[in-house]
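> My structure is stored as final30.cif, with mmCIF, C-alpha atoms.
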```
data_query
#
loop_
_atom_site.group_PDB
_atom_site.id
_atom_site.type_symbol
_atom_site.label_atom_id
_atom_site.label_comp_id
_atom_site.auth_asym_id
_atom_site.auth_seq_id
_atom_site.Cartn_x
_atom_site.Cartn_y
_atom_site.Cartn_z
ATOM 1 C CA MET X 1 19.023 16.299 -25.344
ATOM 2 C CA THR X 2 19.223 13.415 -27.801
ATOM 3 C CA ASP X 3 20.757 11.176 -25.131
ATOM 4 C CA ILE X 4 17.888 11.980 -22.748
ATOM 5 C CA LYS X 5 15.288 11.122 -25.390
ATOM 6 C CA THR X 6 17.104 7.903 -26.168
ATOM 7 C CA GLU X 7 17.186 6.906 -22.501
ATOM 8 C CA LEU X 8 13.494 7.730 -22.105
ATOM 9 C CA ARG X 9 12.633 5.513 -25.052
ATOM 10 C CA GLN X 10 14.783 2.744 -23.593
ATOM 11 C CA VAL X 11 13.116 3.078 -20.193
ATOM 12 C CA CYS X 12 9.655 2.941 -21.808
ATOM 13 C CA ALA X 13 10.625 -0.080 -23.898
ATOM 14 C CA PHE X 14 12.120 -1.980 -20.945
ATOM 15 C CA THR X 15 9.125 -1.071 -18.756
ATOM 16 C CA ALA X 16 6.722 -2.379 -21.414
ATOM 17 C CA ARG X 17 8.782 -5.565 -21.702
ATOM 18 C CA ASN X 18 8.604 -6.197 -17.951
ATOM 19 C CA ILE X 19 4.843 -5.571 -17.863
ATOM 20 C CA LYS X 20 4.283 -8.036 -20.717
ATOM 21 C CA VAL X 21 6.439 -10.663 -19.008
ATOM 22 C CA PHE X 22 4.452 -10.276 -15.784
ATOM 23 C CA PHE X 23 1.055 -10.669 -17.440
ATOM 24 C CA LYS X 24 2.276 -13.677 -19.424
ATOM 25 C CA ASP X 25 2.963 -15.426 -16.115
ATOM 26 C CA LYS X 26 -0.625 -16.388 -15.306
ATOM 27 C CA GLY X 27 0.265 -17.701 -11.864
ATOM 28 C CA SER X 28 1.847 -14.456 -10.679
ATOM 29 C CA PHE X 29 -0.918 -12.360 -12.190
ATOM 30 C CA ILE X 30 -3.702 -14.398 -10.586
ATOM 31 C CA ALA X 31 -1.908 -14.398 -7.213
ATOM 32 C CA ALA X 32 -1.473 -10.626 -7.308
ATOM 33 C CA PHE X 33 -5.009 -9.950 -8.550
ATOM 34 C CA ILE X 34 -7.004 -12.408 -6.452
ATOM 35 C CA ALA X 35 -5.257 -12.048 -3.072
ATOM 36 C CA PRO X 36 -6.596 -8.524 -2.242
ATOM 37 C CA LEU X 37 -10.122 -9.490 -3.313
ATOM 38 C CA VAL X 38 -10.011 -12.662 -1.207
ATOM 39 C CA LEU X 39 -8.826 -10.621 1.781
ATOM 40 C CA MET X 40 -11.713 -8.200 1.284
ATOM 41 C CA VAL X 41 -14.219 -11.085 1.134
ATOM 42 C CA LEU X 42 -12.772 -12.562 4.341
ATOM 43 C CA TYR X 43 -13.170 -9.206 6.088
ATOM 44 C CA ALA X 44 -16.776 -8.910 4.913
ATOM 45 C CA LEU X 45 -17.795 -12.463 5.819
ATOM 46 C CA PHE X 46 -15.955 -13.092 9.065
ATOM 47 C CA LEU X 47 -14.911 -9.791 10.656
ATOM 48 C CA HIS X 48 -17.723 -7.397 9.817
ATOM 49 C CA LYS X 49 -19.807 -8.417 12.858
ATOM 50 C CA VAL X 50 -16.734 -8.281 15.106
ATOM 51 C CA PHE X 51 -16.073 -4.684 14.057
ATOM 52 C CA LEU X 52 -19.739 -3.823 14.565
ATOM 53 C CA GLN X 53 -19.525 -5.116 18.133
ATOM 54 C CA SER X 54 -16.411 -3.026 18.721
ATOM 55 C CA PHE X 55 -18.264 -0.047 17.311
ATOM 56 C CA ASP X 56 -21.169 -0.544 19.750
ATOM 57 C CA ALA X 57 -18.758 -0.903 22.671
ATOM 58 C CA MET X 58 -16.834 2.256 21.777
ATOM 59 C CA LEU X 59 -19.771 4.533 21.011
ATOM 60 C CA GLU X 60 -22.713 5.044 23.325
ATOM 61 C CA GLY X 61 -25.897 5.823 21.483
ATOM 62 C CA ALA X 62 -24.901 3.874 18.389
ATOM 63 C CA ALA X 63 -28.419 2.453 18.250
ATOM 64 C CA ALA X 64 -29.675 5.947 17.372
ATOM 65 C CA LEU X 65 -27.505 6.030 14.278
ATOM 66 C CA ASP X 66 -28.688 5.146 10.821
ATOM 67 C CA ALA X 67 -27.737 1.524 10.094
ATOM 68 C CA LYS X 68 -26.119 2.554 6.808
ATOM 69 C CA THR X 69 -23.781 4.910 8.625
ATOM 70 C CA VAL X 70 -22.668 2.175 11.000
ATOM 71 C CA ASN X 71 -22.236 -0.470 8.315
ATOM 72 C CA GLY X 72 -20.595 2.017 5.963
ATOM 73 C CA LEU X 73 -18.073 3.033 8.606
ATOM 74 C CA VAL X 74 -17.120 -0.578 9.266
ATOM 75 C CA ALA X 75 -16.946 -1.347 5.537
ATOM 76 C CA SER X 76 -14.707 1.676 4.990
ATOM 77 C CA TYR X 77 -12.427 0.508 7.781
ATOM 78 C CA GLU X 78 -12.205 -2.929 6.167
ATOM 79 C CA VAL X 79 -11.441 -1.567 2.699
ATOM 80 C CA SER X 80 -8.801 0.825 4.073
ATOM 81 C CA SER X 81 -7.167 -2.139 5.817
ATOM 82 C CA VAL X 82 -7.083 -4.189 2.618
ATOM 83 C CA LEU X 83 -5.593 -1.340 0.567
ATOM 84 C CA SER X 84 -2.998 -0.553 3.242
ATOM 85 C CA VAL X 85 -1.701 -4.108 2.931
ATOM 86 C CA CYS X 86 -2.146 -4.934 -0.751
ATOM 87 C CA CYS X 87 -0.319 -1.842 -2.035
ATOM 88 C CA THR X 88 2.834 -3.449 -0.618
ATOM 89 C CA THR X 89 2.123 -7.185 -0.916
ATOM 90 C CA VAL X 90 1.072 -6.896 -4.560
ATOM 91 C CA ALA X 91 4.304 -5.017 -5.285
ATOM 92 C CA PHE X 92 6.344 -7.973 -3.988
ATOM 93 C CA VAL X 93 4.481 -10.335 -6.307
ATOM 94 C CA ALA X 94 4.850 -7.932 -9.238
ATOM 95 C CA ASN X 95 8.601 -7.699 -8.561
ATOM 96 C CA MET X 96 9.086 -11.428 -9.107
ATOM 97 C CA ASN X 97 10.105 -10.599 -12.668
ATOM 98 C CA MET X 98 13.301 -8.927 -11.458
ATOM 99 C CA VAL X 99 14.277 -12.065 -9.544
ATOM 100 C CA SER X 100 13.242 -14.373 -12.396
ATOM 101 C CA ASP X 101 15.540 -12.480 -14.768
ATOM 102 C CA LYS X 102 18.455 -13.254 -12.462
ATOM 103 C CA VAL X 103 17.512 -16.929 -12.244
ATOM 104 C CA SER X 104 17.070 -17.355 -16.002
ATOM 105 C CA GLY X 105 20.179 -15.355 -16.862
ATOM 106 C CA ALA X 106 18.160 -12.726 -18.738
ATOM 107 C CA ARG X 107 19.563 -10.041 -16.435
ATOM 108 C CA ASN X 108 23.086 -10.811 -17.650
ATOM 109 C CA ASP X 109 21.936 -10.508 -21.263
ATOM 110 C CA ILE X 110 20.263 -7.187 -20.482
ATOM 111 C CA THR X 111 23.319 -5.702 -18.785
ATOM 112 C CA VAL X 112 25.525 -6.275 -21.845
ATOM 113 C CA THR X 113 23.228 -4.160 -24.024
ATOM 114 C CA PRO X 114 24.056 -0.476 -24.685
ATOM 115 C CA ALA X 115 21.352 0.537 -22.191
ATOM 116 C CA LYS X 116 22.729 2.247 -19.094
ATOM 117 C CA GLY X 117 22.246 0.838 -15.623
ATOM 118 C CA ARG X 118 19.711 3.455 -14.619
ATOM 119 C CA VAL X 119 17.549 2.480 -17.592
ATOM 120 C CA ILE X 120 17.342 -1.079 -16.265
ATOM 121 C CA VAL X 121 16.672 0.079 -12.707
ATOM 122 C CA LEU X 122 13.914 2.492 -13.739
ATOM 123 C CA GLY X 123 12.427 -0.079 -16.109
ATOM 124 C CA TYR X 124 11.995 -2.575 -13.288
ATOM 125 C CA TYR X 125 10.658 0.077 -10.902
ATOM 126 C CA PHE X 126 8.124 1.617 -13.294
ATOM 127 C CA ALA X 127 6.863 -1.766 -14.480
ATOM 128 C CA THR X 128 6.285 -2.960 -10.916
ATOM 129 C CA ALA X 129 4.674 0.360 -9.979
ATOM 130 C CA ILE X 130 2.294 0.324 -12.962
ATOM 131 C CA VAL X 131 1.223 -3.277 -12.324
ATOM 132 C CA THR X 132 0.744 -2.609 -8.603
ATOM 133 C CA ILE X 133 -1.222 0.599 -9.169
ATOM 134 C CA CYS X 134 -3.515 -1.041 -11.732
ATOM 135 C CA ILE X 135 -4.318 -4.019 -9.512
ATOM 136 C CA CYS X 136 -4.811 -1.844 -6.425
ATOM 137 C CA LEU X 137 -7.066 0.591 -8.303
ATOM 138 C CA ILE X 138 -9.241 -2.341 -9.381
ATOM 139 C CA THR X 139 -9.351 -3.440 -5.746
ATOM 140 C CA THR X 140 -10.285 0.135 -4.794
ATOM 141 C CA ALA X 141 -13.158 0.120 -7.291
ATOM 142 C CA VAL X 142 -14.466 -3.145 -5.816
ATOM 143 C CA GLY X 143 -14.084 -1.650 -2.332
ATOM 144 C CA PHE X 144 -16.048 1.458 -3.333
ATOM 145 C CA CYS X 145 -18.875 -0.769 -4.593
ATOM 146 C CA TYR X 146 -18.866 -2.647 -1.283
ATOM 147 C CA ILE X 147 -18.952 0.578 0.721
ATOM 148 C CA ALA X 148 -21.732 2.009 -1.462
ATOM 149 C CA GLY X 149 -23.807 -1.093 -0.779
ATOM 150 C CA MET X 150 -23.264 -0.752 2.968
ATOM 151 C CA GLY X 151 -23.638 3.029 3.286
ATOM 152 C CA TRP X 152 -21.650 5.790 1.580
ATOM 153 C CA SER X 153 -20.625 8.921 3.513
ATOM 154 C CA MET X 154 -17.405 9.918 1.716
ATOM 155 C CA SER X 155 -17.202 13.241 -0.092
ATOM 156 C CA VAL X 156 -16.019 13.619 -3.679
ATOM 157 C CA GLY X 157 -12.760 15.139 -2.430
ATOM 158 C CA GLU X 158 -12.133 12.212 -0.083
ATOM 159 C CA THR X 159 -12.847 9.758 -2.900
ATOM 160 C CA PHE X 160 -10.227 11.316 -5.163
ATOM 161 C CA ALA X 161 -7.863 11.567 -2.194
ATOM 162 C CA VAL X 162 -8.161 7.795 -1.722
ATOM 163 C CA ILE X 163 -7.116 7.284 -5.350
ATOM 164 C CA LEU X 164 -4.076 9.491 -4.740
ATOM 165 C CA ASP X 165 -3.354 7.490 -1.591
ATOM 166 C CA VAL X 166 -3.433 4.251 -3.598
ATOM 167 C CA ILE X 167 -0.886 5.631 -6.052
ATOM 168 C CA LEU X 168 1.433 6.881 -3.287
ATOM 169 C CA ALA X 169 1.147 3.681 -1.250
ATOM 170 C CA SER X 170 1.812 1.604 -4.381
ATOM 171 C CA LEU X 171 4.933 3.651 -5.138
ATOM 172 C CA PHE X 172 6.078 3.074 -1.563
ATOM 173 C CA GLY X 173 5.402 -0.665 -1.786
ATOM 174 C CA THR X 174 7.225 -0.821 -5.121
ATOM 175 C CA ALA X 175 10.267 0.987 -3.728
ATOM 176 C CA LEU X 176 10.375 -1.227 -0.626
ATOM 177 C CA SER X 177 9.982 -4.455 -2.603
ATOM 178 C CA SER X 178 12.617 -3.343 -5.133
ATOM 179 C CA VAL X 179 15.237 -2.883 -2.409
ATOM 180 C CA VAL X 180 14.400 -6.202 -0.761
ATOM 181 C CA CYS X 181 14.038 -8.214 -3.976
ATOM 182 C CA TYR X 182 17.362 -7.034 -5.352
ATOM 183 C CA PHE X 183 19.176 -9.313 -2.898
ATOM 184 C CA LEU X 184 17.035 -12.384 -3.725
ATOM 185 C CA LYS X 185 18.452 -14.837 -6.233
ATOM 186 C CA SER X 186 15.823 -17.576 -6.536
ATOM 187 C CA ASN X 187 12.099 -17.893 -7.137
ATOM 188 C CA GLY X 188 11.802 -19.810 -3.882
ATOM 189 C CA ALA X 189 13.312 -16.880 -1.995
ATOM 190 C CA ILE X 190 10.882 -14.346 -3.450
ATOM 191 C CA ASN X 191 7.957 -16.677 -2.723
ATOM 192 C CA ALA X 192 9.127 -17.059 0.871
ATOM 193 C CA VAL X 193 9.603 -13.315 1.305
ATOM 194 C CA SER X 194 6.191 -12.582 -0.236
ATOM 195 C CA THR X 195 4.579 -15.046 2.181
ATOM 196 C CA ILE X 196 6.336 -13.485 5.175
ATOM 197 C CA VAL X 197 5.411 -9.959 4.090
ATOM 198 C CA SER X 198 1.776 -10.959 3.542
ATOM 199 C CA SER X 199 1.685 -12.489 7.020
ATOM 200 C CA ILE X 200 3.273 -9.774 9.133
ATOM 201 C CA TYR X 201 3.066 -6.519 7.172
ATOM 202 C CA GLY X 202 -0.593 -5.939 8.036
ATOM 203 C CA PHE X 203 0.230 -6.057 11.742
ATOM 204 C CA ILE X 204 3.298 -3.817 11.709
ATOM 205 C CA CYS X 205 1.584 -1.166 9.577
ATOM 206 C CA GLY X 206 -1.545 -1.062 11.744
ATOM 207 C CA ALA X 207 -3.879 -2.474 9.100
ATOM 208 C CA TYR X 208 -5.004 -5.724 10.719
ATOM 209 C CA TYR X 209 -5.252 -4.433 14.270
ATOM 210 C CA PRO X 210 -5.838 -0.835 15.420
ATOM 211 C CA ILE X 211 -2.681 0.833 16.663
ATOM 212 C CA SER X 212 -4.749 2.454 19.412
ATOM 213 C CA GLN X 213 -5.211 -1.014 20.944
ATOM 214 C CA PHE X 214 -1.475 -1.664 21.281
ATOM 215 C CA SER X 215 0.546 -0.729 24.349
ATOM 216 C CA SER X 216 2.043 2.755 24.191
ATOM 217 C CA GLY X 217 5.561 1.394 23.629
ATOM 218 C CA MET X 218 4.495 -0.903 20.808
ATOM 219 C CA ALA X 219 2.306 1.795 19.253
ATOM 220 C CA ASN X 220 5.161 4.327 19.229
ATOM 221 C CA THR X 221 7.496 1.718 17.745
ATOM 222 C CA ILE X 222 5.053 0.980 14.930
ATOM 223 C CA MET X 223 4.668 4.715 14.316
ATOM 224 C CA CYS X 224 8.392 4.839 13.525
ATOM 225 C CA LEU X 225 7.805 2.667 10.452
ATOM 226 C CA PRO X 226 6.976 4.586 7.241
ATOM 227 C CA GLY X 227 4.437 2.001 6.057
ATOM 228 C CA THR X 228 2.249 2.936 9.013
ATOM 229 C CA TYR X 229 1.683 6.381 7.521
ATOM 230 C CA CYS X 230 0.297 4.825 4.344
ATOM 231 C CA THR X 231 -2.312 3.231 6.581
ATOM 232 C CA GLY X 232 -2.845 6.594 8.270
ATOM 233 C CA ILE X 233 -3.727 8.494 5.096
ATOM 234 C CA PHE X 234 -6.111 5.716 4.042
ATOM 235 C CA ARG X 235 -7.852 5.722 7.422
ATOM 236 C CA THR X 236 -8.229 9.504 7.402
ATOM 237 C CA HIS X 237 -9.885 9.741 3.994
ATOM 238 C CA PHE X 238 -12.047 6.653 4.375
ATOM 239 C CA LEU X 239 -13.411 7.415 7.857
ATOM 240 C CA SER X 240 -13.521 11.202 8.305
ATOM 241 C CA GLY X 241 -16.788 11.586 6.388
ATOM 242 C CA TYR X 242 -18.499 9.133 8.707
ATOM 243 C CA GLY X 243 -17.421 11.160 11.717
ATOM 244 C CA THR X 244 -19.123 14.221 10.240
ATOM 245 C CA SER X 245 -22.229 12.169 9.461
ATOM 246 C CA MET X 246 -22.451 10.868 13.038
ATOM 247 C CA ILE X 247 -22.175 14.365 14.487
ATOM 248 C CA GLU X 248 -24.979 15.498 12.173
ATOM 249 C CA GLN X 249 -27.102 12.630 13.530
ATOM 250 C CA GLY X 250 -26.731 13.899 17.079
ATOM 251 C CA ILE X 251 -23.828 11.872 18.451
ATOM 252 C CA PRO X 252 -21.657 14.036 20.767
ATOM 253 C CA GLU X 253 -18.464 15.240 19.138
ATOM 254 C CA THR X 254 -16.329 13.914 22.008
ATOM 255 C CA ALA X 255 -17.796 10.440 21.524
ATOM 256 C CA VAL X 256 -17.200 10.608 17.771
ATOM 257 C CA ASN X 257 -13.596 11.729 18.297
ATOM 258 C CA GLY X 258 -13.052 8.813 20.663
ATOM 259 C CA LEU X 259 -14.443 6.443 18.060
ATOM 260 C CA LEU X 260 -12.229 7.864 15.310
ATOM 261 C CA ASP X 261 -9.216 7.547 17.616
ATOM 262 C CA GLY X 262 -10.143 3.933 18.333
ATOM 263 C CA PHE X 263 -10.446 3.150 14.613
ATOM 264 C CA ASP X 264 -7.133 4.921 13.830
ATOM 265 C CA ALA X 265 -8.757 7.667 11.786
ATOM 266 C CA ARG X 266 -6.279 9.882 13.648
ATOM 267 C CA PHE X 267 -2.741 8.853 14.525
ATOM 268 C CA TYR X 268 -0.837 9.787 17.665
ATOM 269 C CA PHE X 269 2.939 9.646 18.099
ATOM 270 C CA PHE X 270 4.012 9.926 21.762
ATOM 271 C CA ASP X 271 0.502 11.264 22.498
ATOM 272 C CA ASN X 272 0.847 13.990 19.857
ATOM 273 C CA LEU X 273 -1.639 14.115 16.995
ATOM 274 C CA VAL X 274 0.084 13.551 13.644
ATOM 275 C CA PRO X 275 -1.252 16.040 11.050
ATOM 276 C CA GLN X 276 -2.253 14.678 7.674
ATOM 277 C CA TRP X 277 0.382 16.712 5.834
ATOM 278 C CA VAL X 278 3.083 15.148 8.009
ATOM 279 C CA MET X 279 1.877 11.688 6.965
ATOM 280 C CA TYR X 280 2.215 12.684 3.310
ATOM 281 C CA VAL X 281 5.695 14.092 3.895
ATOM 282 C CA VAL X 282 6.804 10.856 5.589
ATOM 283 C CA VAL X 283 5.419 8.692 2.769
ATOM 284 C CA ILE X 284 6.893 10.830 -0.023
ATOM 285 C CA CYS X 285 10.298 11.097 1.667
ATOM 286 C CA SER X 286 10.289 7.334 2.266
ATOM 287 C CA ILE X 287 9.588 6.683 -1.416
ATOM 288 C CA ALA X 288 12.423 9.013 -2.448
ATOM 289 C CA ALA X 289 14.838 7.440 0.039
ATOM 290 C CA LEU X 290 14.006 3.866 -0.995
ATOM 291 C CA VAL X 291 14.262 4.640 -4.723
ATOM 292 C CA ALA X 292 17.617 6.345 -4.110
ATOM 293 C CA ALA X 293 18.746 3.295 -2.138
ATOM 294 C CA PHE X 294 17.631 0.981 -4.958
ATOM 295 C CA VAL X 295 19.596 2.984 -7.538
ATOM 296 C CA ALA X 296 22.654 3.183 -5.264
ATOM 297 C CA ILE X 297 22.604 -0.558 -4.532
ATOM 298 C CA ASN X 298 22.465 -1.375 -8.234
ATOM 299 C CA LYS X 299 25.337 0.987 -8.985
ATOM 300 C CA LEU X 300 27.543 -0.221 -6.127
ATOM 301 C CA CYS X 301 26.989 -3.895 -6.929
ATOM 302 C CA LYS X 302 27.663 -3.278 -10.610
ATOM 303 C CA ASN X 303 30.958 -1.532 -9.822
ATOM 304 C CA ARG X 304 31.902 -4.355 -7.442
ATOM 305 C CA ASP X 305 31.251 -6.977 -10.099
ATOM 306 C CA LYS X 306 33.473 -5.085 -12.554
ATOM 307 C CA ASN X 307 36.311 -5.051 -10.063
#
```
Written as structure tokens, how would this file's structure read?


Amino acid sequence: MTDIKTELRQVCAFTARNIKVFFKDKGSFIAAFIAPLVLMVLYALFLHKVFLQSFDAMLEGAAALDAKTVNGLVASYEVSSVLSVCCTTVAFVANMNMVSDKVSGARNDITVTPAKGRVIVLGYYFATAIVTICICLITTAVGFCYIAGMGWSMSVGETFAVILDVILASLFGTALSSVVCYFLKSNGAINAVSTIVSSIYGFICGAYYPISQFSSGMANTIMCLPGTYCTGIFRTHFLSGYGTSMIEQGIPETAVNGLLDGFDARFYFFDNLVPQWVMYVVVICSIAALVAAFVAINKLCKNRDKN
């Protein structure tokens, strides 16, 4: 019992150290904090009208809808897209500390301390997760303000569900970035990887472009990637309330369902509807598998270095 308490204190201390190091690096902090907000501004300024036009094309009778419902739906789609991406991209920026410790030699100093390997692994993971969650929750708050200004139709339950989604998606992004960043040994490498992830991740997770607009083969391929299901749970909770609101305003349910399908509020895998609970299972299992892989990689590489 004493050993467990000691390890917990060590994990907390190492986590706090990594968080402090991250926030002391003003460049990394600003990059992680500003990037999601800039992306949200770009959506609002340049893509909002494009999504409105898509909305009109997909839904007959849209003119009969309240303008706030239409604008709120589009704003919710934009915010869900931003969160789907930033929960992973921010994690890669936040994980720069792990790579920097290798470059500076601090990692070697840490490994010779009495702290066990799992303490170091968990310290890096928890620090990255906490930083990512905090930044993404701030982004979520800004997104909620934007949606409220455009037209709010989300229930209280859906609002809290979005917060849970942010935490889960951030844990997934942290686990994924931890596995990838472990093999990087220079600041240039992590910067290059972060740039690549920021460029392509939004497309392969269905955030930048609706999966429903891809060919069936491409759509099914994307649905095999766990990050896609993070996008799925965001879409469901952000957009479902607007579907109910449109039905209440007299839009036929079949037309509303077609719209929700077009905006990826419901995901299909080989033409089968993916239930929400399945999305959660995929995300949670992916987090567990990636964390286990991160721990195993650290252990195997440590044993190899000893030999």

> Mind working out the centre and edge lengths of an axis-aligned box for segment 257-269 of chain X, all listed atoms inside, 8 Å added to each side, rounded to one decimal in Å and written as lines of an AutoDock Vina configuration file?


```
center_x = -5.8
center_y = 7.4
center_z = 16.2
size_x = 33.4
size_y = 24.6
size_z = 24.9
```

> Got a sec to resolve the PyMOL selection byres ((chain X and resi 98) around 12) on this structure and send the residues as a PyMOL selection string?

chain X and resi 14-15+17-19+21-22+91-97+99-108+110+120-128+174+177-187+190

> Go ahead and find all residues with at least one atom no further than 12 Å from (-13.6, -6.5, 15.6) in the file's coordinates, using all atoms listed in the file; report them as an MDAnalysis selection string.

chainID X and resid 43:44 46:58 74:75 77:78 208:210 213 262:263

> List every protein, DNA or RNA residue that has an atom no more than 10 Å from (-18.9, 0.7, 7.7) in the file's coordinate frame, counting all atoms listed in the file, and report them as a ChimeraX atom specification.

/X:48,51-52,55,67-79,146-153,238-239,242

> Name the closest residue to Leu290 of chain X among the candidates X:Thr228, X:Asn257, X:Ser212, X:Leu171; distances are taken between atoms, counting all atoms listed in the file.

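Answer, going by the shortest atom-to-atom distance: X:Leu171.
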
> Mind giving me the straight-line distance from atom CA of Leu83 of chain X to atom CA of Val156 of chain X in Å, one decimal?

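Answer for the atom CA of Leu83 of chain X to atom CA of Val156 of chain X separation: 18.7 Å.
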
> At what distance in Å, to one decimal, does atom CA of Leu176 of chain X lie from atom CA of Ser28 of chain X?

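Straight-line distance from atom CA of Ser28 of chain X to atom CA of Leu176 of chain X works out to 18.7 Å.
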
> Given the file shown, determine the residues that the PyMOL selection byres ((chain X and resi 234) around 8) selects; report them as a VMD selection string.

chain X and resid 80 83 to 84 162 165 230 to 233 235 to 238

> Considering only C-alpha atoms, state which residue in the set X:Arg266, X:Leu273, X:Ile287, X:Ile211 is at the smallest distance from Ile167 of chain X.

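Of X:Arg266, X:Leu273, X:Ile287, X:Ile211, the one nearest Ile167 of chain X is X:Ile287, counting only C-alpha atoms.
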
> Looking at X:Ile297, X:Cys145, X:Ala13, X:Leu260, which one is nearest to Ile247 of chain X, with distances taken over all atoms listed in the file?

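Using all atoms listed in the file, Ile247 of chain X sits closest to X:Leu260.
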
> Using the chain letters and residue numbers of this document, give as a list of chain:residue names the residues selected by the PyMOL selection byres ((chain X and resi 278) around 12).

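Evaluating the PyMOL selection byres ((chain X and resi 278) around 12) on this file yields X:Pro226, X:Tyr229, X:Cys230, X:Gly232, X:Ile233, X:Phe267, X:Tyr268, X:Phe269, X:Leu273, X:Val274, X:Pro275, X:Gln276, X:Trp277, X:Met279, X:Tyr280, X:Val281, X:Val282, X:Val283, X:Ile284, X:Cys285.
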
> Any idea what the distance is between atom CA of Ala207 of chain X and atom CA of Thr195 of chain X?

16.7 Å

> Hey, which of X:Ala255, X:Cys134, X:Cys87, X:Met218 ends up closest to Gly173 of chain X? Count all atoms listed in the file.

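Of X:Ala255, X:Cys134, X:Cys87, X:Met218, the one nearest Gly173 of chain X, counting all atoms listed in the file, is X:Cys87.
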
> If we count only C-alpha atoms and set the cut-off at 8 Å, which residues sit around Val256 of chain X, ignoring sequence neighbours fewer than 2 positions away in its own chain? Please answer as a ChimeraX atom specification.

/X:59,243,246-247,251-254,258-260

> Any chance you can output those residues with C-alpha atoms as a PDB file, keeping the file's coordinate frame?


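The result, stored in part_5.pdb:
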```pdb
ATOM      1  CA  LEU X  59     -19.771   4.533  21.011  1.00  0.00           C
ATOM      2  CA  GLY X 243     -17.421  11.160  11.717  1.00  0.00           C
ATOM      3  CA  MET X 246     -22.451  10.868  13.038  1.00  0.00           C
ATOM      4  CA  ILE X 247     -22.175  14.365  14.487  1.00  0.00           C
ATOM      5  CA  ILE X 251     -23.828  11.872  18.451  1.00  0.00           C
ATOM      6  CA  PRO X 252     -21.657  14.036  20.767  1.00  0.00           C
ATOM      7  CA  GLU X 253     -18.464  15.240  19.138  1.00  0.00           C
ATOM      8  CA  THR X 254     -16.329  13.914  22.008  1.00  0.00           C
ATOM      9  CA  GLY X 258     -13.052   8.813  20.663  1.00  0.00           C
ATOM     10  CA  LEU X 259     -14.443   6.443  18.060  1.00  0.00           C
ATOM     11  CA  LEU X 260     -12.229   7.864  15.310  1.00  0.00           C
TER      12      LEU X 260
END
```

> Could you check which of X:Lys24, X:Ser240, X:Phe294, X:Leu39 is closest to Met154 of chain X, using all atoms listed in the file?

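Smallest separation from Met154 of chain X among the options: X:Ser240.
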